[in-house]
>>> print(open('work-v8.pdb').read())   # PDB, C-alpha atoms
ATOM      1  CA  MET P   1      -1.319  36.770 -29.688
ATOM      2  CA  THR P   2       0.934  39.278 -31.453
ATOM      3  CA  LYS P   3      -1.578  39.661 -34.296
ATOM      4  CA  ILE P   4      -4.393  40.195 -31.788
ATOM      5  CA  LYS P   5      -2.371  42.873 -29.978
ATOM      6  CA  THR P   6      -1.550  44.538 -33.286
ATOM      7  CA  PHE P   7      -5.209  44.541 -34.373
ATOM      8  CA  PHE P   8      -6.287  45.939 -31.001
ATOM      9  CA  TYR P   9      -3.606  48.644 -31.065
ATOM     10  CA  ARG P  10      -4.504  49.698 -34.584
ATOM     11  CA  THR P  11      -8.150  49.852 -33.585
ATOM     12  CA  ILE P  12      -7.192  52.200 -30.747
ATOM     13  CA  CYS P  13      -5.142  54.241 -33.234
ATOM     14  CA  GLY P  14      -8.191  54.488 -35.470
ATOM     15  CA  PHE P  15     -10.324  55.492 -32.498
ATOM     16  CA  PHE P  16      -8.092  58.441 -31.652
ATOM     17  CA  LEU P  17      -7.593  59.328 -35.304
ATOM     18  CA  GLY P  18     -11.367  59.559 -35.614
ATOM     19  CA  ILE P  19     -11.568  61.882 -32.617
ATOM     20  CA  SER P  20      -8.649  64.030 -33.754
ATOM     21  CA  THR P  21     -10.206  64.404 -37.192
ATOM     22  CA  VAL P  22     -13.307  66.137 -35.861
ATOM     23  CA  ALA P  23     -11.912  67.790 -32.715
ATOM     24  CA  PRO P  24     -11.580  71.561 -33.307
ATOM     25  CA  GLY P  25      -8.001  72.665 -33.885
ATOM     26  CA  PHE P  26      -6.417  69.227 -33.468
ATOM     27  CA  SER P  27      -4.482  67.382 -36.170
ATOM     28  CA  GLY P  28      -5.132  63.754 -37.063
ATOM     29  CA  SER P  29      -1.737  63.530 -38.748
ATOM     30  CA  ILE P  30      -0.064  64.451 -35.449
ATOM     31  CA  MET P  31      -1.824  61.554 -33.764
ATOM     32  CA  ALA P  32      -0.883  59.230 -36.633
ATOM     33  CA  ILE P  33       2.780  60.219 -36.268
ATOM     34  CA  ALA P  34       2.663  59.714 -32.504
ATOM     35  CA  MET P  35       1.155  56.248 -32.861
ATOM     36  CA  GLY P  36       3.583  55.121 -35.531
ATOM     37  CA  VAL P  37       1.081  54.663 -38.354
ATOM     38  CA  TYR P  38       1.630  57.855 -40.340
ATOM     39  CA  GLN P  39       4.300  56.646 -42.762
ATOM     40  CA  GLU P  40       2.354  53.484 -43.571
ATOM     41  CA  LEU P  41      -0.813  55.490 -44.195
ATOM     42  CA  VAL P  42       1.082  57.770 -46.573
ATOM     43  CA  ARG P  43       2.528  54.737 -48.394
ATOM     44  CA  ILE P  44      -0.906  53.176 -48.824
ATOM     45  CA  MET P  45      -2.609  56.371 -49.960
ATOM     46  CA  SER P  46       0.163  57.174 -52.435
ATOM     47  CA  ASN P  47      -0.477  53.866 -54.227
ATOM     48  CA  PRO P  48      -3.703  52.293 -52.878
ATOM     49  CA  LEU P  49      -3.887  49.537 -55.528
ATOM     50  CA  GLN P  50      -0.490  48.067 -54.655
ATOM     51  CA  GLU P  51      -0.380  45.193 -52.130
ATOM     52  CA  LEU P  52      -4.151  45.252 -51.626
ATOM     53  CA  ARG P  53      -4.210  42.379 -49.139
ATOM     54  CA  LYS P  54      -1.552  43.926 -46.911
ATOM     55  CA  ASN P  55      -3.219  47.318 -47.130
ATOM     56  CA  PHE P  56      -6.598  45.839 -46.198
ATOM     57  CA  ARG P  57      -5.151  44.129 -43.107
ATOM     58  CA  PHE P  58      -3.537  47.366 -42.021
ATOM     59  CA  LEU P  59      -6.516  49.642 -42.663
ATOM     60  CA  LEU P  60      -9.386  47.452 -41.420
ATOM     61  CA  PRO P  61      -8.859  47.932 -37.654
ATOM     62  CA  ILE P  62      -8.032  51.623 -38.152
ATOM     63  CA  VAL P  63     -11.278  52.157 -40.065
ATOM     64  CA  VAL P  64     -13.245  50.226 -37.424
ATOM     65  CA  GLY P  65     -11.751  52.327 -34.640
ATOM     66  CA  ALA P  66     -12.331  55.570 -36.545
ATOM     67  CA  LEU P  67     -15.988  54.700 -37.161
ATOM     68  CA  LEU P  68     -16.535  53.842 -33.496
ATOM     69  CA  SER P  69     -15.003  57.094 -32.292
ATOM     70  CA  GLY P  70     -16.828  59.070 -34.975
ATOM     71  CA  ILE P  71     -20.196  57.731 -33.853
ATOM     72  CA  LEU P  72     -19.375  58.344 -30.195
ATOM     73  CA  PHE P  73     -18.005  61.831 -30.747
ATOM     74  CA  VAL P  74     -20.925  63.012 -32.880
ATOM     75  CA  ARG P  75     -23.421  61.810 -30.266
ATOM     76  CA  VAL P  76     -21.719  63.611 -27.402
ATOM     77  CA  PHE P  77     -20.456  66.613 -29.411
ATOM     78  CA  ASN P  78     -22.897  69.153 -28.056
ATOM     79  CA  TYR P  79     -22.320  67.946 -24.495
ATOM     80  CA  PHE P  80     -18.526  68.224 -24.557
ATOM     81  CA  PHE P  81     -18.231  71.521 -26.371
ATOM     82  CA  GLY P  82     -21.350  72.998 -24.875
ATOM     83  CA  ARG P  83     -20.304  72.406 -21.263
ATOM     84  CA  HIS P  84     -16.616  71.491 -21.050
ATOM     85  CA  GLU P  85     -14.974  72.890 -24.189
ATOM     86  CA  LYS P  86     -12.189  74.618 -22.260
ATOM     87  CA  VAL P  87     -11.226  71.381 -20.504
ATOM     88  CA  ILE P  88     -11.338  69.327 -23.705
ATOM     89  CA  LEU P  89      -9.051  71.769 -25.516
ATOM     90  CA  LEU P  90      -6.542  71.573 -22.665
ATOM     91  CA  LEU P  91      -6.600  67.786 -23.016
ATOM     92  CA  PHE P  92      -5.614  68.225 -26.661
ATOM     93  CA  VAL P  93      -2.787  70.572 -25.652
ATOM     94  CA  GLY P  94      -1.408  67.867 -23.392
ATOM     95  CA  LEU P  95      -1.667  65.242 -26.133
ATOM     96  CA  ILE P  96       0.345  67.392 -28.540
ATOM     97  CA  ALA P  97       2.924  68.370 -25.910
ATOM     98  CA  GLY P  98       3.653  64.714 -25.218
ATOM     99  CA  ASN P  99       4.488  64.158 -28.886
ATOM    100  CA  LEU P 100       6.957  67.021 -29.295
ATOM    101  CA  PRO P 101      10.029  65.175 -27.890
ATOM    102  CA  MET P 102       9.485  62.290 -30.309
ATOM    103  CA  ILE P 103       9.349  64.560 -33.351
ATOM    104  CA  TYR P 104      12.345  66.573 -32.110
ATOM    105  CA  LYS P 105      14.319  63.346 -31.769
ATOM    106  CA  GLU P 106      13.280  62.310 -35.282
ATOM    107  CA  ALA P 107      14.343  65.688 -36.692
ATOM    108  CA  LYS P 108      17.751  65.415 -34.982
ATOM    109  CA  SER P 109      18.316  61.930 -36.442
ATOM    110  CA  HIS P 110      18.755  63.469 -39.912
ATOM    111  CA  PRO P 111      21.380  65.932 -41.186
ATOM    112  CA  PHE P 112      20.316  69.426 -40.188
ATOM    113  CA  ALA P 113      20.845  72.759 -41.935
ATOM    114  CA  LYS P 114      20.059  76.179 -40.497
ATOM    115  CA  ARG P 115      17.838  76.951 -43.475
ATOM    116  CA  TYR P 116      15.452  74.266 -42.219
ATOM    117  CA  LEU P 117      14.533  76.662 -39.426
ATOM    118  CA  VAL P 118      12.772  78.836 -42.001
ATOM    119  CA  GLY P 119      10.476  75.942 -42.870
ATOM    120  CA  GLY P 120       9.916  75.212 -39.191
ATOM    121  CA  VAL P 121       9.013  78.823 -38.414
ATOM    122  CA  ILE P 122       6.666  79.076 -41.410
ATOM    123  CA  SER P 123       4.975  75.798 -40.392
ATOM    124  CA  PHE P 124       4.633  77.078 -36.834
ATOM    125  CA  LEU P 125       3.034  80.315 -37.996
ATOM    126  CA  ILE P 126       0.604  78.523 -40.326
ATOM    127  CA  ALA P 127      -0.571  76.142 -37.614
ATOM    128  CA  LEU P 128      -0.743  78.927 -35.031
ATOM    129  CA  GLY P 129      -2.634  81.136 -37.470
ATOM    130  CA  MET P 130      -5.216  78.429 -38.109
ATOM    131  CA  GLY P 131      -5.643  77.989 -34.381
ATOM    132  CA  LEU P 132      -6.082  81.725 -33.844
ATOM    133  CA  LEU P 133      -8.604  81.919 -36.690
ATOM    134  CA  ALA P 134     -10.655  79.289 -34.891
ATOM    135  CA  ILE P 135     -10.862  81.459 -31.745
ATOM    136  CA  GLY P 136     -14.414  82.531 -31.075
ATOM    137  CA  VAL P 137     -15.897  80.204 -33.698
ATOM    138  CA  GLU P 138     -19.140  78.724 -32.457
ATOM    139  CA  HIS P 139     -18.809  74.949 -32.221
ATOM    140  CA  THR P 140     -22.476  74.184 -32.622
ATOM    141  CA  ALA P 141     -24.208  72.402 -35.466
ATOM    142  CA  GLY P 142     -25.736  74.372 -38.287
ATOM    143  CA  SER P 143     -29.097  74.040 -39.962
ATOM    144  CA  GLY P 144     -27.856  72.137 -42.976
ATOM    145  CA  GLU P 145     -29.444  74.701 -45.295
ATOM    146  CA  ALA P 146     -26.454  77.020 -45.551
ATOM    147  CA  VAL P 147     -24.362  74.816 -47.825
ATOM    148  CA  SER P 148     -25.045  72.882 -51.005
ATOM    149  CA  PHE P 149     -24.013  69.378 -52.038
ATOM    150  CA  ILE P 150     -21.282  70.814 -54.284
ATOM    151  CA  GLU P 151     -19.885  72.926 -51.440
ATOM    152  CA  VAL P 152     -19.614  70.048 -48.974
ATOM    153  CA  ALA P 153     -18.204  67.745 -51.662
ATOM    154  CA  LEU P 154     -15.498  70.264 -52.558
ATOM    155  CA  SER P 155     -14.728  70.721 -48.871
ATOM    156  CA  GLY P 156     -14.189  66.959 -48.730
ATOM    157  CA  PHE P 157     -11.531  67.195 -51.446
ATOM    158  CA  VAL P 158      -9.792  70.034 -49.595
ATOM    159  CA  ILE P 159      -9.683  68.235 -46.255
ATOM    160  CA  GLY P 160      -8.499  65.066 -47.995
ATOM    161  CA  ALA P 161      -5.654  67.003 -49.611
ATOM    162  CA  VAL P 162      -4.493  68.422 -46.252
ATOM    163  CA  ALA P 163      -5.268  65.354 -44.120
ATOM    164  CA  LEU P 164      -1.753  63.903 -44.349
ATOM    165  CA  VAL P 165       0.042  67.224 -43.924
ATOM    166  CA  PRO P 166       1.574  66.949 -40.434
ATOM    167  CA  GLY P 167       0.049  69.437 -38.021
ATOM    168  CA  MET P 168      -2.830  70.457 -40.278
ATOM    169  CA  SER P 169      -6.196  70.498 -38.528
ATOM    170  CA  ILE P 170      -9.022  69.161 -40.675
ATOM    171  CA  SER P 171     -11.657  70.645 -38.399
ATOM    172  CA  ALA P 172     -10.009  74.083 -38.550
ATOM    173  CA  VAL P 173     -10.079  73.924 -42.343
ATOM    174  CA  LEU P 174     -13.756  72.988 -42.233
ATOM    175  CA  MET P 175     -14.422  75.946 -39.959
ATOM    176  CA  MET P 176     -12.666  78.270 -42.386
ATOM    177  CA  LEU P 177     -14.762  76.830 -45.220
ATOM    178  CA  GLY P 178     -17.919  77.389 -43.174
ATOM    179  CA  VAL P 179     -19.183  73.797 -43.319
ATOM    180  CA  TYR P 180     -17.979  72.356 -39.993
ATOM    181  CA  GLY P 181     -21.223  72.722 -38.043
ATOM    182  CA  GLU P 182     -23.312  71.557 -40.979
ATOM    183  CA  LEU P 183     -21.302  68.352 -41.427
ATOM    184  CA  ILE P 184     -21.584  67.542 -37.721
ATOM    185  CA  MET P 185     -25.336  68.123 -37.912
ATOM    186  CA  MET P 186     -25.605  65.881 -40.989
ATOM    187  CA  ALA P 187     -23.666  63.085 -39.289
ATOM    188  CA  GLY P 188     -25.924  63.392 -36.243
ATOM    189  CA  ALA P 189     -28.984  63.171 -38.468
ATOM    190  CA  ILE P 190     -27.695  59.945 -40.044
ATOM    191  CA  LEU P 191     -27.179  58.424 -36.590
ATOM    192  CA  SER P 192     -30.787  59.381 -35.787
ATOM    193  CA  ARG P 193     -31.904  57.452 -38.911
ATOM    194  CA  ASP P 194     -32.575  60.538 -40.972
ATOM    195  CA  PHE P 195     -30.861  59.662 -44.261
ATOM    196  CA  SER P 196     -31.775  62.808 -46.175
ATOM    197  CA  TYR P 197     -28.170  64.032 -45.864
ATOM    198  CA  LEU P 198     -26.583  60.708 -46.843
ATOM    199  CA  PRO P 199     -25.699  61.866 -50.400
ATOM    200  CA  HIS P 200     -23.895  64.892 -48.922
ATOM    201  CA  LEU P 201     -21.764  62.788 -46.582
ATOM    202  CA  LEU P 202     -21.015  60.203 -49.271
ATOM    203  CA  GLY P 203     -19.885  63.041 -51.526
ATOM    204  CA  VAL P 204     -17.606  64.355 -48.792
ATOM    205  CA  ALA P 205     -16.135  60.884 -48.176
ATOM    206  CA  LEU P 206     -15.506  60.177 -51.857
ATOM    207  CA  CYS P 207     -13.919  63.568 -52.502
ATOM    208  CA  ALA P 208     -11.812  63.253 -49.332
ATOM    209  CA  VAL P 209     -10.397  59.941 -50.596
ATOM    210  CA  LEU P 210      -9.593  61.560 -53.947
ATOM    211  CA  GLY P 211      -7.926  64.452 -52.141
ATOM    212  CA  VAL P 212      -5.778  62.112 -50.042
ATOM    213  CA  VAL P 213      -4.673  60.084 -53.077
ATOM    214  CA  PHE P 214      -3.923  63.290 -55.000
ATOM    215  CA  ALA P 215      -1.679  64.792 -52.293
ATOM    216  CA  SER P 216      -0.125  61.762 -50.612
ATOM    217  CA  ARG P 217       2.531  61.043 -53.244
ATOM    218  CA  GLY P 218       3.953  64.535 -52.974
ATOM    219  CA  ILE P 219       4.066  64.305 -49.178
ATOM    220  CA  LYS P 220       5.753  60.898 -49.315
ATOM    221  CA  ARG P 221       8.342  62.150 -51.809
ATOM    222  CA  PHE P 222       9.053  65.220 -49.676
ATOM    223  CA  PHE P 223       9.752  63.109 -46.575
ATOM    224  CA  GLU P 224      11.979  60.718 -48.511
ATOM    225  CA  ARG P 225      14.069  63.411 -50.210
ATOM    226  CA  HIS P 226      14.197  66.017 -47.443
ATOM    227  CA  PRO P 227      13.679  64.195 -44.116
ATOM    228  CA  GLY P 228      15.467  66.842 -42.034
ATOM    229  CA  LEU P 229      13.411  69.712 -43.430
ATOM    230  CA  ALA P 230      10.205  67.663 -43.360
ATOM    231  CA  ASN P 231      10.557  66.733 -39.693
ATOM    232  CA  THR P 232      11.515  70.297 -38.776
ATOM    233  CA  CYS P 233       8.289  71.434 -40.433
ATOM    234  CA  VAL P 234       6.405  68.743 -38.497
ATOM    235  CA  LEU P 235       7.882  70.050 -35.266
ATOM    236  CA  GLY P 236       6.842  73.581 -36.205
ATOM    237  CA  PHE P 237       3.325  72.457 -37.083
ATOM    238  CA  MET P 238       2.953  70.583 -33.811
ATOM    239  CA  ALA P 239       4.197  73.463 -31.687
ATOM    240  CA  GLY P 240       1.971  75.919 -33.563
ATOM    241  CA  SER P 241      -1.064  73.684 -33.191
ATOM    242  CA  MET P 242      -0.442  73.344 -29.477
ATOM    243  CA  MET P 243      -0.149  77.112 -28.992
ATOM    244  CA  GLY P 244      -3.200  77.767 -31.156
ATOM    245  CA  ILE P 245      -5.383  75.346 -29.226
ATOM    246  CA  PHE P 246      -4.124  76.745 -25.923
ATOM    247  CA  ALA P 247      -5.022  80.242 -27.120
ATOM    248  CA  GLN P 248      -8.520  78.989 -27.952
ATOM    249  CA  SER P 249      -8.901  77.539 -24.466
ATOM    250  CA  VAL P 250      -7.757  80.786 -22.802
ATOM    251  CA  TYR P 251     -10.223  82.824 -24.854
ATOM    252  CA  ILE P 252     -13.212  80.746 -23.790
ATOM    253  CA  ALA P 253     -15.101  82.291 -20.866
ATOM    254  CA  ASP P 254     -16.254  79.565 -18.488
ATOM    255  CA  PRO P 255     -17.244  80.716 -14.972
ATOM    256  CA  THR P 256     -17.300  77.109 -13.741
ATOM    257  CA  PHE P 257     -13.768  76.378 -14.953
ATOM    258  CA  ASN P 258     -11.036  75.667 -12.411
ATOM    259  CA  TRP P 259      -7.433  75.921 -13.538
ATOM    260  CA  LEU P 260      -6.439  73.182 -11.113
ATOM    261  CA  ILE P 261      -8.774  70.787 -12.902
ATOM    262  CA  GLY P 262      -7.541  72.159 -16.215
ATOM    263  CA  GLY P 263      -3.944  71.470 -15.230
ATOM    264  CA  ILE P 264      -4.820  67.925 -14.209
ATOM    265  CA  VAL P 265      -6.562  67.319 -17.540
ATOM    266  CA  LEU P 266      -3.602  68.774 -19.447
ATOM    267  CA  ALA P 267      -1.261  66.471 -17.533
ATOM    268  CA  ALA P 268      -3.574  63.551 -18.294
ATOM    269  CA  GLY P 269      -3.307  64.328 -22.004
ATOM    270  CA  LEU P 270       0.471  64.472 -21.693
ATOM    271  CA  GLY P 271       0.526  61.124 -19.900
ATOM    272  CA  LEU P 272      -1.838  59.545 -22.416
ATOM    273  CA  SER P 273       0.317  60.585 -25.371
ATOM    274  CA  VAL P 274       3.422  59.184 -23.665
ATOM    275  CA  LEU P 275       1.523  55.963 -22.938
ATOM    276  CA  PHE P 276       0.706  55.476 -26.593
ATOM    277  CA  LEU P 277       4.297  56.155 -27.592
ATOM    278  CA  VAL P 278       5.403  53.422 -25.180
ATOM    279  CA  LEU P 279       2.750  51.049 -26.511
ATOM    280  CA  GLY P 280       3.864  51.720 -30.064
ATOM    281  CA  LYS P 281       7.488  50.921 -29.232
ATOM    282  CA  SER P 282       6.565  47.775 -27.290
ATOM    283  CA  MET P 283       4.599  46.384 -30.224
ATOM    284  CA  GLY P 284       7.346  47.065 -32.723
ATOM    285  CA  LYS P 285       6.715  48.098 -36.294
ATOM    286  CA  LEU P 286       3.011  47.597 -36.785
ATOM    287  CA  SER P 287       3.241  47.829 -40.515
ATOM    288  CA  ASP P 288       5.069  44.510 -40.580
ATOM    289  CA  GLY P 289       2.094  42.791 -38.925
TER     290      GLY P 289
END
>>> encode(input="work-v8.pdb", output="structure tokens")
Amino acid sequence: MTKIKTFFYRTICGFFLGISTVAPGFSGSIMAIAMGVYQELVRIMSNPLQELRKNFRFLLPIVVGALLSGILFVRVFNYFFGRHEKVILLLFVGLIAGNLPMIYKEAKSHPFAKRYLVGGVISFLIALGMGLLAIGVEHTAGSGEAVSFIEVALSGFVIGAVALVPGMSISAVLMMLGVYGELIMMAGAILSRDFSYLPHLLGVALCAVLGVVFASRGIKRFFERHPGLANTCVLGFMAGSMMGIFAQSVYIADPTFNWLIGGIVLAAGLGLSVLFLVLGKSMGKLSDG
């Protein structure tokens, strides 16, 4: 029963990781930290050929969940961000807010130095800046003709390299690179059985894996040698991401929006993040499963 619960929980983790990967301005690494799978993911990606059987058991449900959420999100992308983008962004704000106490507690559990605040402030400003840069960006799919195979493949390497950096938003990076809408369109075409863009997406996936493997060892080493500074930076990234996404939601003009409903949705995101933290603690250390 414990193994079944662990598999189910990891599948849910993968589901939300898949959503957070493609949701504008939101960080998949934040969700991974909140759900207790971040450190294990970093360990695996830093040396993927070590303990293959254990790694496969850990990653399989996460990959399944991520694929399920990816398919669902791509299919309903235009609906959510075409009609209720303001509400969805407020949901993300609530999700991040619910994770801040956990990261603050983790930062306090290590020796602290005042100089760490510099790293926290810089991390905050980077995440906030990325969120502000995303303000006003049109979240609709492109034509697929604006970018080449080489461009989308290189963007895959970039997003892979930043994927495990706590607080970094993959979708915001894609927006800055100008390929976000095109990749969403390509994924939608694949789901509609149009495989003309399959080489592009395979190139993105392969280069993203290479990017993750390339950067993960440095991230792992940084957290092991400087845990206080690393977690302070995480806290800064999370707070900056939250403020950036909130700024995006405020900027959006929606005559049908009601701040009462928005507040309820934000609170729901807060409650959902707390729920997953409780679930993670109740199941123990999933990496030992």
>>> residues_around(input="work-v8.pdb", residues="Pro199 of chain P", least_positions_apart="4", cutoff="12 Å", atoms="all atoms listed in the file", output="tab-separated table (two decimals) with C-alpha atoms, in the coordinates of the input")
chain	number	residue	atom	x	y	z
P	148	SER	CA	-25.04	72.88	-51.00
P	149	PHE	CA	-24.01	69.38	-52.04
P	150	ILE	CA	-21.28	70.81	-54.28
P	152	VAL	CA	-19.61	70.05	-48.97
P	153	ALA	CA	-18.20	67.74	-51.66
P	183	LEU	CA	-21.30	68.35	-41.43
P	186	MET	CA	-25.60	65.88	-40.99
P	187	ALA	CA	-23.67	63.08	-39.29
P	190	ILE	CA	-27.70	59.94	-40.04
P	194	ASP	CA	-32.58	60.54	-40.97
P	195	PHE	CA	-30.86	59.66	-44.26
P	203	GLY	CA	-19.89	63.04	-51.53
P	204	VAL	CA	-17.61	64.36	-48.79
P	205	ALA	CA	-16.14	60.88	-48.18
P	206	LEU	CA	-15.51	60.18	-51.86
>>> atom_distance(input="work-v8.pdb", atom1="atom CA of Tyr197 of chain P", atom2="atom CA of Ala215 of chain P")
27.3 Å
>>> resolve_selection(input="work-v8.pdb", expression="the PyMOL selection byres ((chain P and resi 92) around 8)", output="PDB file with C-alpha atoms, keeping the file's coordinate frame")
ATOM      1  CA  PHE P  26      -6.417  69.227 -33.468  1.00  0.00           C
ATOM      2  CA  ILE P  88     -11.338  69.327 -23.705  1.00  0.00           C
ATOM      3  CA  LEU P  89      -9.051  71.769 -25.516  1.00  0.00           C
ATOM      4  CA  LEU P  90      -6.542  71.573 -22.665  1.00  0.00           C
ATOM      5  CA  LEU P  91      -6.600  67.786 -23.016  1.00  0.00           C
ATOM      6  CA  VAL P  93      -2.787  70.572 -25.652  1.00  0.00           C
ATOM      7  CA  GLY P  94      -1.408  67.867 -23.392  1.00  0.00           C
ATOM      8  CA  LEU P  95      -1.667  65.242 -26.133  1.00  0.00           C
ATOM      9  CA  ILE P  96       0.345  67.392 -28.540  1.00  0.00           C
ATOM     10  CA  MET P 242      -0.442  73.344 -29.477  1.00  0.00           C
ATOM     11  CA  ILE P 245      -5.383  75.346 -29.226  1.00  0.00           C
ATOM     12  CA  LEU P 266      -3.602  68.774 -19.447  1.00  0.00           C
ATOM     13  CA  GLY P 269      -3.307  64.328 -22.004  1.00  0.00           C
TER      14      GLY P 269
END
>>> atom_distance(input="work-v8.pdb", atom1="atom CA of Pro111 of chain P", atom2="atom CA of Cys233 of chain P")
14.2 Å
>>> resolve_selection(input="work-v8.pdb", expression="the PyMOL selection byres ((chain P and resi 120) around 10)", output="ChimeraX atom specification")
/P:115-119,121-126,229-240
>>> closest_atom_pairs(input="work-v8.pdb", of="segment 188-234 of chain P", to="segment 58-75 of chain P", cutoff="12 Å", atoms="all atoms listed in the file", output="CSV")
residue,atom,partner,partner_atom,distance
P:Gly188,CA,P:Val74,CA,6.0
P:Ala189,CA,P:Val74,CA,9.8
P:Ile190,CA,P:Ile71,CA,10.0
P:Leu191,CA,P:Ile71,CA,7.5
P:Ser192,CA,P:Arg75,CA,9.5
>>> closest_residue(input="work-v8.pdb", among="P:Gly156, P:Gly36, P:Val22, P:Ser171", to="Tyr9 of chain P", atoms="all atoms listed in the file")
P:Gly36
>>> atom_distance(input="work-v8.pdb", atom1="atom CA of Ile252 of chain P", atom2="atom CA of Tyr180 of chain P")
18.9 Å
>>> resolve_selection(input="work-v8.pdb", expression="the PyMOL selection byres ((chain P and resi 44-57) around 9)", output="list in words")
Phe7, Gln39, Glu40, Leu41, Val42, Arg43, Phe58, Leu59, Leu60, Pro61, Val209, Val212, Val213, Phe214, Ala215, Ser216, Arg217, Gly218, Ile219, Lys220, Ser287 and Gly289 of chain P
>>> closest_residue(input="work-v8.pdb", among="P:Leu17, P:Ala247, P:Leu164, P:Val37", to="Leu133 of chain P", atoms="all atoms listed in the file")
P:Ala247
>>> decode(input="work-v8.pdb", residues="segment 146-157 of chain P", atoms="N, CA and C atoms", output="JSON list (two decimals), in the first residue's frame")
[["chain", "number", "residue", "atom", "x", "y", "z"],
["P", 146, "ALA", "N", 7.99, 31.25, -37.58],
["P", 146, "ALA", "CA", 8.89, 32.32, -37.14],
["P", 146, "ALA", "C", 10.22, 31.79, -36.62],
["P", 147, "VAL", "N", 10.30, 30.53, -36.29],
["P", 147, "VAL", "CA", 11.52, 29.98, -35.72],
["P", 147, "VAL", "C", 11.96, 28.75, -36.49],
["P", 148, "SER", "N", 13.25, 28.50, -36.48],
["P", 148, "SER", "CA", 13.81, 27.35, -37.18],
["P", 148, "SER", "C", 14.03, 26.20, -36.23],
["P", 149, "PHE", "N", 14.40, 25.05, -36.77],
["P", 149, "PHE", "CA", 14.70, 23.88, -35.94],
["P", 149, "PHE", "C", 15.86, 24.17, -35.00],
["P", 150, "ILE", "N", 16.89, 24.84, -35.51],
["P", 150, "ILE", "CA", 18.07, 25.16, -34.69],
["P", 150, "ILE", "C", 17.68, 26.07, -33.54],
["P", 151, "GLU", "N", 16.81, 27.04, -33.80],
["P", 151, "GLU", "CA", 16.41, 27.98, -32.75],
["P", 151, "GLU", "C", 15.65, 27.29, -31.63],
["P", 152, "VAL", "N", 14.70, 26.42, -31.98],
["P", 152, "VAL", "CA", 13.93, 25.75, -30.93],
["P", 152, "VAL", "C", 14.79, 24.72, -30.19],
["P", 153, "ALA", "N", 15.74, 24.10, -30.91],
["P", 153, "ALA", "CA", 16.62, 23.14, -30.26],
["P", 153, "ALA", "C", 17.53, 23.84, -29.25],
["P", 154, "LEU", "N", 18.08, 24.98, -29.64],
["P", 154, "LEU", "CA", 18.92, 25.75, -28.72],
["P", 154, "LEU", "C", 18.12, 26.26, -27.53],
["P", 155, "SER", "N", 16.86, 26.63, -27.78],
["P", 155, "SER", "CA", 16.02, 27.07, -26.66],
["P", 155, "SER", "C", 15.79, 25.92, -25.69],
["P", 156, "GLY", "N", 15.74, 24.69, -26.22],
["P", 156, "GLY", "CA", 15.61, 23.53, -25.34],
["P", 156, "GLY", "C", 16.80, 23.38, -24.42],
["P", 157, "PHE", "N", 18.01, 23.62, -24.93],
["P", 157, "PHE", "CA", 19.21, 23.54, -24.09],
["P", 157, "PHE", "C", 19.17, 24.61, -23.00]]
